[in-house]
Structure formats: C-alpha cells, structure tokens
Protein chains: 2
Amino acid sequence: MGIIRKKSQEDDRDRWSEVDLRTYRGTEGPRGTKQILLGPDDGAPNFAMRVFHLAPGKSSNEEEHAFDHGVMVLRGRCRVLLGDTTHDLEPGDVVWVEPNEHHRFDSVGPDVLEFLCVVPAWGEVDARKRCPAE
Amino acid sequence: MGIIRKKSQEDDRDRWSEVDLRTYRGTEGPRGTKQILLGPDDGAPNFAMRVFHLAPGKSSNEEEHAFDHGVMVLRGRCRVLLGDTTHDLEPGDVVWVEPNEHHRFDSVGPDVLEFLCVVPAWGEVDARKRCPAE
C-alpha cells in the first residue's frame, strides 16, 4: 500500500505525520533537522524524499558524493554553492546537484530555511552512513 | 554542472526557468500541463522531478505502472485514489504511490491543483511513451 504523509505545524515547524524529527548532524555537530518523508524504511525502492530545516546562519556540509540531489526550496532563503559558484534561491526555486559535484546549502535568513531534497534510495542509505541523523 | 530552475509566475501559473510548458495528455485528451523541472534530458541519472497543473474537475489518468510516484501537493486541493481508497490532500501533504498501485489524482478545486511528482528516471521515459506530453 501507498503512504499518506499529512503536513501539520508543530512549534512553528512543518512536520509530517508518522515521520521522525531527526537531528541533522554535520561533521562539526548539529546543523538542523531532517525528516525522511519517504525512504528505504518505507520500502521505496527508487528514491527518497527528505525535508531539512536549517536556522539562519547554518549550512549543510560542504561536500561531494556519488549521488545527486534534487532540491526545492519550500520556505526561507538559501544560498547554494555549486562547484565554485553561489546562487541565491527563493521558495519554489529548484536546484539539481549532479553526482560528485561540490556543494553546500546556506540558510541566509531571516526565516528558517526549509527545503525538500530528493536523492536516489541508495543515496539516502549512503547519507546516513556519512552523517547519522538521529 | 548542476542546474538552477528559478520559479516565476506566468499567467497566474508557476513556471520554472528554461522548462517547457507541455500539455499533459491523458488517454482521453488534454488533462492539464506538465513541466519537467529535472529529468533524463538534463542527464539526471536517478530520478525526475515534474510539476503538474490540473484545473478543478480534471484528473490524472487512472492507471497503474511499474514505477512509483512521490507526490507533494504545492497548491490547490487534491483527492487521490490509492487502490480502492480515496484520501483528501492539502498543500504540503505527501503521498507515495507504490509500484503497480492503482491510482488517480483529482483536482477538487476551487483553485488549480499544482503538485510535484517525483519518479525514477526510467519512469519518466516510460511515462512519455504512455502519454506523450508535448
């Protein structure tokens, strides 16, 4: 059977039904939160959909890896580093980080940055090994 | 290099930069529009991200297929048929249609339904064969 994830507000943060709120840990400690709306634990064989929240001033890890990212900004403002170039993104804007491309997402404020991040299913498994989010 | 798709408004519809507005054709004729924000034509090897618009009263094809769907409602209201059960969805809600699950998306109004639909890359190739969107 398919899965329905209803959105709600909790402590001024979007939450989805039956989805754990995990700490998104970077290499230098907590960076924000991560919710896996759909992923390998649900039996989804092809892709995973995750939502991240980063407070203003916080960033994702600056890294590269074999899996690609398909990102849509949902709330807040984002500066993304792709290779050696930065781009400013607003809600609704989409960015594709190709496999092995150097990247970082910055929350530039004033609001909390919320973004949807799609990865292949095997990428979510790999991401958890790199940066356990619990 | 990665890809940036900036969102804009055009004729009261969300559009994304350098993305064609295609007619989404069902088995019985035009049903709405489809924009492929990211897909096989961009060299994305793992997944595709598409946005559909359906006017109130319009529906997607009622069908099943080997690829799964990860859908987030962006605007409007949706009733989704999963198997033999319907669920009402609002903006931000997410639904996973598992492989080979019977499904249909209805735009129940009053606003145009806009939803993001993620599929595996090979699913987008298959979808175009089933219902050419041009």
# chains A, B, ... in the order shown; residues from 1 in each chain; ligands from 1
>>> residues_around(residues="range 21-32 of chain A", least_positions_apart="4", cutoff="12 Å", atoms="only C-alpha atoms", output="number ranges by chain")
A: 10, 13-17, 36-37, 50-63, 104-107, 112-115, 127-134
>>> write_last_selection(atoms="C-alpha atoms", output="compact mmCIF listing (two decimals), in the first residue's frame")
# COMPACT_ATOMS: atom_id res chain seq x y z
CA GLU A 10 4.49 21.94 15.36
CA ARG A 13 7.95 23.99 12.02
CA ASP A 14 6.34 21.90 9.30
CA ARG A 15 6.01 18.31 10.37
CA TRP A 16 4.67 15.27 8.51
CA SER A 17 2.57 12.51 10.03
CA ILE A 36 12.51 11.47 5.88
CA LEU A 37 9.05 11.75 4.30
CA ARG A 50 13.62 14.33 2.78
CA VAL A 51 12.88 17.76 4.30
CA PHE A 52 15.59 19.73 6.08
CA HIS A 53 15.30 22.76 8.34
CA LEU A 54 18.34 25.00 8.85
CA ALA A 55 18.22 28.07 11.10
CA PRO A 56 19.62 31.32 9.65
CA GLY A 57 23.41 31.18 9.60
CA LYS A 58 23.51 27.40 9.47
CA SER A 59 24.77 25.40 6.50
CA SER A 60 24.74 21.86 5.23
CA ASN A 61 28.02 20.03 5.00
CA GLU A 62 30.28 21.24 2.22
CA GLU A 63 30.87 18.01 0.37
CA ARG A 104 26.80 23.43 0.26
CA PHE A 105 23.43 24.91 1.24
CA ASP A 106 23.42 28.04 3.42
CA SER A 107 20.39 29.38 5.29
CA VAL A 112 14.34 29.26 8.89
CA LEU A 113 15.26 27.56 5.63
CA GLU A 114 13.07 24.57 4.73
CA PHE A 115 13.87 22.54 1.65
CA ALA A 127 23.97 9.70 3.53
CA ARG A 128 23.07 8.07 6.84
CA LYS A 129 26.44 6.39 6.99
CA ARG A 130 28.20 9.70 6.40
CA CYS A 131 26.18 11.82 8.81
CA PRO A 132 23.89 9.83 11.12
CA ALA A 133 20.71 11.84 11.72
CA GLU A 134 19.00 10.60 14.86
>>> closest_atom_pairs(of="chain B", to="chain A", cutoff="8 Å", atoms="only C-alpha atoms", output="JSON lines")
{"residue": "B:Met1", "atom": "CA", "partner": "A:Glu98", "partner_atom": "CA", "distance": 6.6}
{"residue": "B:Gly2", "atom": "CA", "partner": "A:Val97", "partner_atom": "CA", "distance": 4.8}
{"residue": "B:Ile3", "atom": "CA", "partner": "A:Trp96", "partner_atom": "CA", "distance": 5.0}
{"residue": "B:Ile4", "atom": "CA", "partner": "A:Val95", "partner_atom": "CA", "distance": 4.5}
{"residue": "B:Arg5", "atom": "CA", "partner": "A:Val94", "partner_atom": "CA", "distance": 4.9}
{"residue": "B:Lys6", "atom": "CA", "partner": "A:Asp93", "partner_atom": "CA", "distance": 4.6}
{"residue": "B:Lys7", "atom": "CA", "partner": "A:Asp93", "partner_atom": "CA", "distance": 5.1}
{"residue": "B:Trp16", "atom": "CA", "partner": "A:Asp93", "partner_atom": "CA", "distance": 7.7}
{"residue": "B:Leu37", "atom": "CA", "partner": "A:Val94", "partner_atom": "CA", "distance": 7.6}
{"residue": "B:Leu38", "atom": "CA", "partner": "A:Trp96", "partner_atom": "CA", "distance": 7.4}
{"residue": "B:Ala44", "atom": "CA", "partner": "A:Glu98", "partner_atom": "CA", "distance": 7.3}
{"residue": "B:Asn46", "atom": "CA", "partner": "A:Pro120", "partner_atom": "CA", "distance": 5.9}
{"residue": "B:Phe47", "atom": "CA", "partner": "A:Pro120", "partner_atom": "CA", "distance": 6.8}
{"residue": "B:Met49", "atom": "CA", "partner": "A:Gly70", "partner_atom": "CA", "distance": 7.6}
{"residue": "B:Asp68", "atom": "CA", "partner": "A:Asn46", "partner_atom": "CA", "distance": 7.8}
{"residue": "B:Gly70", "atom": "CA", "partner": "A:Met49", "partner_atom": "CA", "distance": 7.6}
{"residue": "B:Leu82", "atom": "CA", "partner": "A:Gly2", "partner_atom": "CA", "distance": 6.8}
{"residue": "B:Gly83", "atom": "CA", "partner": "A:Met1", "partner_atom": "CA", "distance": 7.7}
{"residue": "B:Leu89", "atom": "CA", "partner": "A:Lys6", "partner_atom": "CA", "distance": 7.5}
{"residue": "B:Gly92", "atom": "CA", "partner": "A:Lys7", "partner_atom": "CA", "distance": 5.6}
{"residue": "B:Asp93", "atom": "CA", "partner": "A:Lys6", "partner_atom": "CA", "distance": 4.7}
{"residue": "B:Val94", "atom": "CA", "partner": "A:Arg5", "partner_atom": "CA", "distance": 4.9}
{"residue": "B:Val95", "atom": "CA", "partner": "A:Ile4", "partner_atom": "CA", "distance": 4.5}
{"residue": "B:Trp96", "atom": "CA", "partner": "A:Ile3", "partner_atom": "CA", "distance": 5.0}
{"residue": "B:Val97", "atom": "CA", "partner": "A:Gly2", "partner_atom": "CA", "distance": 4.8}
{"residue": "B:Glu98", "atom": "CA", "partner": "A:Gly2", "partner_atom": "CA", "distance": 5.2}
{"residue": "B:Glu101", "atom": "CA", "partner": "A:Met1", "partner_atom": "CA", "distance": 7.4}
{"residue": "B:Val119", "atom": "CA", "partner": "A:Phe47", "partner_atom": "CA", "distance": 7.7}
{"residue": "B:Pro120", "atom": "CA", "partner": "A:Asn46", "partner_atom": "CA", "distance": 5.9}
>>> closest_residue(among="B:Asp41, B:Glu124, B:Asp111, B:Asp20", to="Arg77 in chain B", atoms="only C-alpha atoms")
B:Asp111
>>> atom_distance(atom1="CA of Arg79 in chain A", atom2="CA of Val108 in chain A")
6.7 Å
>>> atom_distance(atom1="CA of Gln9 in chain B", atom2="CA of Thr86 in chain A")
23.6 Å
>>> decode(residues="range 28-55 of chain A", atoms="N, CA and C atoms", output="PDB file, in the first residue's frame")
ATOM      1  N   GLU A  28      30.684  18.757  11.999  1.00  0.00           N
ATOM      2  CA  GLU A  28      31.097  19.564  13.159  1.00  0.00           C
ATOM      3  C   GLU A  28      29.998  19.654  14.206  1.00  0.00           C
ATOM      4  N   GLY A  29      28.988  18.808  14.124  1.00  0.00           N
ATOM      5  CA  GLY A  29      27.924  18.829  15.129  1.00  0.00           C
ATOM      6  C   GLY A  29      26.573  19.098  14.501  1.00  0.00           C
ATOM      7  N   PRO A  30      25.546  19.333  15.359  1.00  0.00           N
ATOM      8  CA  PRO A  30      24.188  19.535  14.850  1.00  0.00           C
ATOM      9  C   PRO A  30      24.104  20.750  13.938  1.00  0.00           C
ATOM     10  N   ARG A  31      23.394  20.587  12.849  1.00  0.00           N
ATOM     11  CA  ARG A  31      23.227  21.694  11.901  1.00  0.00           C
ATOM     12  C   ARG A  31      21.769  22.081  11.724  1.00  0.00           C
ATOM     13  N   GLY A  32      20.872  21.166  12.033  1.00  0.00           N
ATOM     14  CA  GLY A  32      19.452  21.445  11.856  1.00  0.00           C
ATOM     15  C   GLY A  32      18.663  20.171  12.063  1.00  0.00           C
ATOM     16  N   THR A  33      17.551  20.052  11.344  1.00  0.00           N
ATOM     17  CA  THR A  33      16.737  18.841  11.468  1.00  0.00           C
ATOM     18  C   THR A  33      16.475  18.232  10.095  1.00  0.00           C
ATOM     19  N   LYS A  34      16.134  16.961  10.151  1.00  0.00           N
ATOM     20  CA  LYS A  34      15.877  16.189   8.937  1.00  0.00           C
ATOM     21  C   LYS A  34      14.648  15.328   9.160  1.00  0.00           C
ATOM     22  N   GLN A  35      13.732  15.326   8.203  1.00  0.00           N
ATOM     23  CA  GLN A  35      12.578  14.426   8.234  1.00  0.00           C
ATOM     24  C   GLN A  35      12.581  13.622   6.931  1.00  0.00           C
ATOM     25  N   ILE A  36      12.518  12.332   7.068  1.00  0.00           N
ATOM     26  CA  ILE A  36      12.505  11.473   5.879  1.00  0.00           C
ATOM     27  C   ILE A  36      11.050  11.144   5.571  1.00  0.00           C
ATOM     28  N   LEU A  37      10.481  11.905   4.617  1.00  0.00           N
ATOM     29  CA  LEU A  37       9.054  11.751   4.298  1.00  0.00           C
ATOM     30  C   LEU A  37       8.800  10.401   3.644  1.00  0.00           C
ATOM     31  N   LEU A  38       9.810   9.930   2.953  1.00  0.00           N
ATOM     32  CA  LEU A  38       9.681   8.694   2.190  1.00  0.00           C
ATOM     33  C   LEU A  38      11.085   8.184   1.923  1.00  0.00           C
ATOM     34  N   GLY A  39      11.327   6.925   2.214  1.00  0.00           N
ATOM     35  CA  GLY A  39      12.678   6.429   2.004  1.00  0.00           C
ATOM     36  C   GLY A  39      12.766   4.923   2.095  1.00  0.00           C
ATOM     37  N   PRO A  40      13.969   4.433   2.225  1.00  0.00           N
ATOM     38  CA  PRO A  40      14.194   2.987   2.232  1.00  0.00           C
ATOM     39  C   PRO A  40      13.409   2.264   3.341  1.00  0.00           C
ATOM     40  N   ASP A  41      13.226   2.917   4.486  1.00  0.00           N
ATOM     41  CA  ASP A  41      12.499   2.262   5.580  1.00  0.00           C
ATOM     42  C   ASP A  41      11.027   2.043   5.238  1.00  0.00           C
ATOM     43  N   ASP A  42      10.541   2.782   4.237  1.00  0.00           N
ATOM     44  CA  ASP A  42       9.150   2.621   3.787  1.00  0.00           C
ATOM     45  C   ASP A  42       9.031   1.612   2.650  1.00  0.00           C
ATOM     46  N   GLY A  43      10.170   1.080   2.248  1.00  0.00           N
ATOM     47  CA  GLY A  43      10.148   0.127   1.140  1.00  0.00           C
ATOM     48  C   GLY A  43      10.193   0.787  -0.222  1.00  0.00           C
ATOM     49  N   ALA A  44      10.434   2.088  -0.231  1.00  0.00           N
ATOM     50  CA  ALA A  44      10.509   2.797  -1.522  1.00  0.00           C
ATOM     51  C   ALA A  44      11.812   2.402  -2.220  1.00  0.00           C
ATOM     52  N   PRO A  45      11.722   1.803  -3.391  1.00  0.00           N
ATOM     53  CA  PRO A  45      12.918   1.203  -3.976  1.00  0.00           C
ATOM     54  C   PRO A  45      13.784   2.149  -4.803  1.00  0.00           C
ATOM     55  N   ASN A  46      13.216   3.302  -5.207  1.00  0.00           N
ATOM     56  CA  ASN A  46      13.894   4.104  -6.224  1.00  0.00           C
ATOM     57  C   ASN A  46      14.452   5.440  -5.764  1.00  0.00           C
ATOM     58  N   PHE A  47      13.718   6.115  -4.869  1.00  0.00           N
ATOM     59  CA  PHE A  47      14.159   7.451  -4.458  1.00  0.00           C
ATOM     60  C   PHE A  47      13.693   7.703  -3.031  1.00  0.00           C
ATOM     61  N   ALA A  48      14.298   8.723  -2.416  1.00  0.00           N
ATOM     62  CA  ALA A  48      13.890   9.162  -1.074  1.00  0.00           C
ATOM     63  C   ALA A  48      13.583  10.646  -1.133  1.00  0.00           C
ATOM     64  N   MET A  49      12.600  11.075  -0.312  1.00  0.00           N
ATOM     65  CA  MET A  49      12.217  12.486  -0.201  1.00  0.00           C
ATOM     66  C   MET A  49      12.443  12.896   1.254  1.00  0.00           C
ATOM     67  N   ARG A  50      13.302  13.871   1.444  1.00  0.00           N
ATOM     68  CA  ARG A  50      13.618  14.332   2.779  1.00  0.00           C
ATOM     69  C   ARG A  50      13.371  15.835   2.879  1.00  0.00           C
ATOM     70  N   VAL A  51      13.002  16.321   4.069  1.00  0.00           N
ATOM     71  CA  VAL A  51      12.878  17.764   4.295  1.00  0.00           C
ATOM     72  C   VAL A  51      13.860  18.163   5.393  1.00  0.00           C
ATOM     73  N   PHE A  52      14.629  19.206   5.125  1.00  0.00           N
ATOM     74  CA  PHE A  52      15.595  19.734   6.083  1.00  0.00           C
ATOM     75  C   PHE A  52      15.161  21.129   6.544  1.00  0.00           C
ATOM     76  N   HIS A  53      15.434  21.411   7.808  1.00  0.00           N
ATOM     77  CA  HIS A  53      15.299  22.765   8.340  1.00  0.00           C
ATOM     78  C   HIS A  53      16.669  23.217   8.839  1.00  0.00           C
ATOM     79  N   LEU A  54      17.081  24.395   8.393  1.00  0.00           N
ATOM     80  CA  LEU A  54      18.344  24.995   8.852  1.00  0.00           C
ATOM     81  C   LEU A  54      18.033  26.413   9.339  1.00  0.00           C
ATOM     82  N   ALA A  55      18.411  26.715  10.582  1.00  0.00           N
ATOM     83  CA  ALA A  55      18.219  28.073  11.105  1.00  0.00           C
ATOM     84  C   ALA A  55      19.131  29.037  10.339  1.00  0.00           C
TER      85      ALA A  55
END
